[in-house]
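Q: Input: one structure, supplied below.
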Amino acid sequence: MKKLLNFLKTNPQLIIIWIFFLGFFLRIFRLPNFISYHQDQVRDLIYIQDHFQQGQMILLGPKASVGNFFLPPFWYYLMAIGYFFSPSPVAPAFIVALLSALTIIVIYKFCEKFFCQRIAFFAGLIYAVSHVSIEHSRFAWNPNPVPFFTILTFYFLYTFIFEKKESGFYLGAIFANLAFQLHYQGMVILSFFFLGVIINKQMIIKRFLQFIGINLLLVSPFLIYEVLNNFKNTTGIFNFIFHSTANQSLKFFGIPFYIKFIFRDFTSFLGKTLFFKNFWLGFIWLPIFGMSLLFKSKSQRENLLKIFFIFSFMMLFVYKNSLIDFYLLYLIPPLIIYFVVFINKVLPDIYFTIISLIIVVISLFISPTFSKVDHTYTSISYATKIITSKPDYCLVYDIFPTNYIESKFRYLISLQKNQPKQLDCETILYYRCDLRIKNIFYLCDSAKCQKTEFMTLVDQGRFNAGVEIYRFKP
């Protein structure tokens with residue numbers, strides 16, 4: 001134990017680099033097999049591609065998961081960084097994985113500065129191996145980078161409050177706004193940053209105006225769109241908050257629903273975040289966690305974390321829809337930090353170290369990094385290469401629109417040098433003759449495939465793109 005602590009004290013930079021690369025490896029290992037190439041990802045990629053090709057400014061972000069309105073555009077600007085280097089669907093997924101790994105460094109620095117090095121080490125290590133963190137860092141989706149911007153907001157809020165650095169206020173406001181732009185769960189972060197400044201008696205009129213100015217500037221593309229389109233999204237947000245009948249299938253809204261959320265969904269989330277997806281360990285930690293929030297600590301830094309959790313649960317109580325895991329991603333860094341701070345305070349050093357290491361070892365042993373994969377991208381990519389390797393080809397799609405496979409193929413094919421002939425391929429297939437075409441590929445759902453007796457079924461090998469692919473040579 002003493003040797004470990006001495007090593008941590010004498011080699012802090014080496015330790016943080018080691019934890020970073022461990023977390024980075026767990027997030028990028030076999031990344032193409034995990035990138036979740038589905039509806040939202042294809043929608044975003046096509047949107048970015050269109051705006052790059054047309055040279056248009058991006059004013060809106062993705063559509064919100066509830067309600068009839070859109071987010072501000074920061075997620076698309078973040079995706080555009082990856083697209084600039086490569087239009088491959090793997091590029092934005094790599095950006096998300098990198099930000100998740102960088103979160104480890106920010107957690108370490110935050111805990112080292114405001115708590116102690118031992119807490120920094122174990123908080124960073126537990127985040128590096130946390131199952132829910134890994135699962136949401138291996139594909140491109142706008143809620144997934146929220147933990148990175150959450151911990152940055154905390155870091156600069158604490159810097160402002162406890163170290164009296166003015167830069168902390170401005171940077172904290174910026175990162176809180178970016179968390180909000182990624183997903184509306186970020187509204188909790190943005191609101192708490194504002195609340196944290198107020199309760200520490202730091203919100204003077206000048207800072208209030210600066211806070212408003214920073215947020216207006218960062219969402220200015222969104223505001224431009226609103227002005228040009230009669231405040232369409234603002235109306236949608238207003239209707240969702242004040243006039244929505246919400247989800248008609250939601251029968252437990254109010255106290256019964258909230259109790260169900262705490263004891264089932266939130267308990268499960270605790271297990272996924274802290275205890276290698278073990279629901280019962282999450283259930284055991286839940287009452288300890290809840291009771292600890294009711295008692296004031298001697299540490300103001302710990303008390304601010306408690307206020308954050310209480311504020312979050314109050315915000316979640318008034319939310320009018322189901323609370324799925326990805327709505328709670330902003331809680332991952334604070335939950336891990338608070339857990340490590342708490343057990344460090346109440347347990348002897350040896351037991352604290354043993355429990356922390358057991359969590360890390362078991363999390364690594366059954367890590368989602370090495371579990372089942374999503375072959376959607378690799379399968380469609382493989383099929384795309386088969387199709388585009390043929391000369392003078394065209395495509396016929398006969399696919400149900402609900403599975404978005406056609407869009408997945410169209411995007412990947414658009415990235416290839418050998419592009420399909422832009423002809424009426426269905427007519428050519430019907431008459432079976434056109435000197436300009438040497439290959440016709442017919443992509444169809446098995447229930448919709450027609451007149452395939454004169455075509456050859458393409459062997460997709462060990463991959464399956466979700467549709468049958470037939471080839472016809474006129």
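Each chain of the structure tokens is named A, B, ... in the order shown, its residues numbered from 1; ligands are numbered from 1 in display order.
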Quick one: residues within 12 Å of Leu293 (chain A), only C-alpha atoms, excluding same-chain residues fewer than 6 positions away - as an NGL selection string?
A: :A and (286-287 or 302-311 or 313 or 338-339 or 342)
Q: Tell me which of A:Ser220, A:Thr384, A:Ser297, A:Gln181 sits closest to Leu71 (chain A), counting only C-alpha atoms.
A: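 Using only C-alpha atoms, Leu71 (chain A) sits closest to A:Gln181.
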Q: Tell me, as a ChimeraX atom specification, which residues lie within 12 Å of Phe149 (chain A), counting only C-alpha atoms; anything in the same chain fewer than 5 positions away does not count.
A: /A:96,99-100,102-104,106-107,143-144,154-156,171-183,185-186,189-190,329-334
Q: Residues as selected, C-alpha atoms, written as a tab-separated table (two decimals), in the first residue's frame, can you do that?
A:
```
chain	number	residue	atom	x	y	z
A	96	VAL	CA	-16.00	10.36	-29.57
A	99	LEU	CA	-12.93	12.66	-26.09
A	100	SER	CA	-13.98	9.85	-23.74
A	102	LEU	CA	-9.45	12.61	-22.58
A	103	THR	CA	-12.19	12.68	-19.94
A	104	ILE	CA	-9.95	10.41	-17.88
A	106	VAL	CA	-9.68	15.83	-16.83
A	107	ILE	CA	-11.13	13.66	-14.03
A	143	PRO	CA	-25.16	12.44	-26.41
A	144	ASN	CA	-21.95	10.40	-26.14
A	154	PHE	CA	-16.98	21.08	-13.12
A	155	TYR	CA	-13.25	21.68	-13.38
A	156	PHE	CA	-13.62	25.32	-14.32
A	171	LEU	CA	-14.44	28.60	-19.69
A	172	GLY	CA	-16.99	26.91	-17.44
A	173	ALA	CA	-19.82	28.80	-19.13
A	174	ILE	CA	-18.49	27.81	-22.55
A	175	PHE	CA	-18.19	24.10	-21.80
A	176	ALA	CA	-21.58	24.02	-20.02
A	177	ASN	CA	-23.16	25.52	-23.13
A	178	LEU	CA	-21.45	22.95	-25.38
A	179	ALA	CA	-22.78	20.14	-23.17
A	180	PHE	CA	-26.25	21.62	-23.62
A	181	GLN	CA	-25.79	21.79	-27.40
A	182	LEU	CA	-24.91	18.10	-27.58
A	183	HIS	CA	-28.11	16.98	-25.89
A	185	GLN	CA	-29.63	16.67	-20.78
A	186	GLY	CA	-26.86	19.29	-20.87
A	189	ILE	CA	-25.14	21.14	-16.50
A	190	LEU	CA	-25.75	24.64	-17.82
A	329	LEU	CA	-24.57	10.28	-19.31
A	330	TYR	CA	-23.77	13.65	-17.76
A	331	LEU	CA	-23.87	11.95	-14.34
A	332	ILE	CA	-21.07	9.47	-15.06
A	333	PRO	CA	-18.01	11.58	-14.04
A	334	PRO	CA	-19.64	13.10	-10.90
```
Q: Please give the complete set of residues from region 75-308 of chain A that DSSP, run on the backbone, assigns to alpha helix (DSSP H), formatted as a VMD selection string.
A: chain A and resid 75 to 85 90 to 114 117 to 129 131 to 135 146 to 163 166 to 182 186 to 199 205 to 218 220 to 228 232 to 242 255 to 260 267 to 274 279 to 292 300 to 308
Q: Compare A:Phe70, A:Phe370, A:Phe115, A:Phe275 by their minimum atom-to-atom distance to Val341 (chain A), counting only C-alpha atoms, and give me the closest one.
A: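 With only C-alpha atoms as the atom set, the closest residue is A:Phe115.
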Q: Can you work out which one of A:Val458, A:Val90, A:Leu78, A:Ala123 has the shortest atom-to-atom distance to Asn344 (chain A), counting only C-alpha atoms?
A: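 Of all the options, A:Ala123 lies closest to Asn344 (chain A).
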Q: Counting only C-alpha atoms, figure out which residue out of A:Ile151, A:Leu443, A:Leu59, A:Ile262 gets nearest to Leu228 (chain A).
A: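 Closest candidate: A:Leu59.
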Q: Show which residues sit within 12 Å of Tyr76 (chain A), as a PyMOL selection string. Count only C-alpha atoms, and ignore same-chain residues fewer than 6 positions away.
A: chain A and resi 41+43-52+57-63+82-84+92+95+140-142+178+181-182+221
Q: Write the residues you've just listed into a file as a short mmCIF file (atom, residue, chain, number, x, y, z; two decimals), in the first residue's frame, and include N, CA and C atoms for each of them.
A:
```cif
data_model
loop_
_atom_site.label_atom_id
_atom_site.label_comp_id
_atom_site.auth_asym_id
_atom_site.auth_seq_id
_atom_site.Cartn_x
_atom_site.Cartn_y
_atom_site.Cartn_z
N GLN A 41 -26.66 7.78 -37.18
CA GLN A 41 -25.32 7.98 -37.70
C GLN A 41 -25.35 8.30 -39.19
N ARG A 43 -27.91 9.54 -40.90
CA ARG A 43 -28.53 10.87 -41.02
C ARG A 43 -27.49 11.97 -40.83
N ASP A 44 -26.68 11.84 -39.79
CA ASP A 44 -25.69 12.87 -39.49
C ASP A 44 -24.60 12.93 -40.56
N LEU A 45 -24.14 11.76 -41.02
CA LEU A 45 -23.09 11.72 -42.03
C LEU A 45 -23.56 12.34 -43.34
N ILE A 46 -24.78 12.03 -43.75
CA ILE A 46 -25.32 12.61 -44.99
C ILE A 46 -25.49 14.11 -44.84
N TYR A 47 -25.93 14.55 -43.68
CA TYR A 47 -26.10 15.99 -43.42
C TYR A 47 -24.77 16.73 -43.52
N ILE A 48 -23.74 16.17 -42.91
CA ILE A 48 -22.40 16.78 -42.96
C ILE A 48 -21.88 16.78 -44.40
N GLN A 49 -22.03 15.66 -45.08
CA GLN A 49 -21.56 15.53 -46.46
C GLN A 49 -22.22 16.57 -47.36
N ASP A 50 -23.53 16.74 -47.24
CA ASP A 50 -24.26 17.71 -48.07
C ASP A 50 -23.75 19.13 -47.82
N HIS A 51 -23.54 19.48 -46.56
CA HIS A 51 -23.11 20.84 -46.24
C HIS A 51 -21.66 21.09 -46.67
N PHE A 52 -20.82 20.07 -46.59
CA PHE A 52 -19.46 20.22 -47.09
C PHE A 52 -19.45 20.41 -48.59
N MET A 57 -23.20 26.91 -44.41
CA MET A 57 -22.99 26.98 -42.97
C MET A 57 -24.02 26.11 -42.27
N ILE A 58 -23.58 25.38 -41.26
CA ILE A 58 -24.48 24.52 -40.50
C ILE A 58 -25.13 25.35 -39.40
N LEU A 59 -26.45 25.42 -39.42
CA LEU A 59 -27.18 26.24 -38.46
C LEU A 59 -27.91 25.42 -37.40
N LEU A 60 -28.24 24.18 -37.75
CA LEU A 60 -29.00 23.33 -36.82
C LEU A 60 -28.24 22.05 -36.50
N GLY A 61 -28.50 21.51 -35.33
CA GLY A 61 -27.97 20.22 -34.95
C GLY A 61 -28.98 19.12 -35.17
N PRO A 62 -28.79 17.96 -34.57
CA PRO A 62 -29.73 16.84 -34.74
C PRO A 62 -31.09 17.15 -34.12
N LYS A 63 -32.08 16.39 -34.55
CA LYS A 63 -33.41 16.51 -33.97
C LYS A 63 -33.40 15.93 -32.56
N GLY A 82 -13.84 15.31 -37.74
CA GLY A 82 -13.53 13.96 -38.22
C GLY A 82 -13.71 13.87 -39.73
N TYR A 83 -14.78 14.47 -40.25
CA TYR A 83 -15.07 14.41 -41.69
C TYR A 83 -13.97 15.09 -42.50
N PHE A 84 -13.38 16.14 -41.92
CA PHE A 84 -12.31 16.87 -42.60
C PHE A 84 -11.14 15.93 -42.90
N PRO A 92 -15.86 10.03 -37.11
CA PRO A 92 -16.53 10.66 -35.97
C PRO A 92 -16.59 9.75 -34.75
N ILE A 95 -13.44 10.32 -32.93
CA ILE A 95 -13.49 11.59 -32.18
C ILE A 95 -14.16 11.37 -30.83
N ALA A 140 -20.49 7.09 -32.91
CA ALA A 140 -20.76 8.52 -33.06
C ALA A 140 -22.24 8.79 -32.83
N TRP A 141 -22.52 9.51 -31.76
CA TRP A 141 -23.90 9.88 -31.42
C TRP A 141 -23.82 11.11 -30.54
N ASN A 142 -24.69 12.08 -30.76
CA ASN A 142 -24.52 13.37 -30.10
C ASN A 142 -24.54 13.34 -28.57
N LEU A 178 -21.72 23.99 -24.38
CA LEU A 178 -21.45 22.95 -25.38
C LEU A 178 -22.07 21.62 -24.96
N GLN A 181 -25.59 21.91 -25.96
CA GLN A 181 -25.79 21.79 -27.40
C GLN A 181 -25.74 20.35 -27.89
N LEU A 182 -25.00 19.50 -27.18
CA LEU A 182 -24.91 18.10 -27.58
C LEU A 182 -26.20 17.35 -27.32
N PRO A 221 -25.63 30.42 -34.45
CA PRO A 221 -26.13 29.78 -35.68
C PRO A 221 -27.59 29.33 -35.53
#
```
Q: Using only C-alpha atoms, which residue out of A:Phe121, A:Phe454, A:Phe266, A:Phe162 lies closest to Gln300 (chain A)?
A: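 Residue with the minimum atom-to-atom distance to Gln300 (chain A): A:Phe162.
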Q: Distance CA of Cys444 (chain A)-CA of Ser36 (chain A), one decimal place?
A: 21.7 Å
Q: Counting only C-alpha atoms, which of A:Ala128, A:Leu316, A:Ile324, A:Leu218 gets nearest to Phe20 (chain A)?
A: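 Nearest candidate to Phe20 (chain A) out of A:Ala128, A:Leu316, A:Ile324, A:Leu218: A:Ala128.
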Q: Report, in Å to a single decimal, how far apart CA of Tyr382 (chain A) and CA of Leu423 (chain A) are.
A: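 For CA of Leu423 (chain A) relative to CA of Tyr382 (chain A), the distance reads 24.1 Å.
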Q: Please list as number ranges by chain every residue within 10 Å of Ile362 (chain A), counting only C-alpha atoms and excluding residues in the same chain fewer than 5 positions away.
A: A: 129, 275-276, 357, 367
Q: Once you have the residues from the selection above, write them out as a tab-separated table (two decimals), in the first residue's frame, restricted to N, CA and C atoms.
A:
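So the final result, stored in again.tsv, reads:
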```tsv
chain	number	residue	atom	x	y	z
A	129	VAL	N	-12.38	2.17	-17.02
A	129	VAL	CA	-12.90	0.82	-17.24
A	129	VAL	C	-14.42	0.73	-17.08
A	275	PHE	N	-20.18	-0.56	-11.08
A	275	PHE	CA	-20.00	-1.95	-10.64
A	275	PHE	C	-20.16	-2.95	-11.78
A	276	PHE	N	-19.46	-2.71	-12.88
A	276	PHE	CA	-19.41	-3.67	-14.00
A	276	PHE	C	-20.78	-4.26	-14.31
A	357	LEU	N	-9.58	-1.62	-6.47
A	357	LEU	CA	-8.88	-2.51	-7.40
A	357	LEU	C	-9.75	-3.68	-7.84
A	367	SER	N	-15.04	-6.69	-19.62
A	367	SER	CA	-15.23	-5.41	-20.31
A	367	SER	C	-16.01	-5.56	-21.61
```
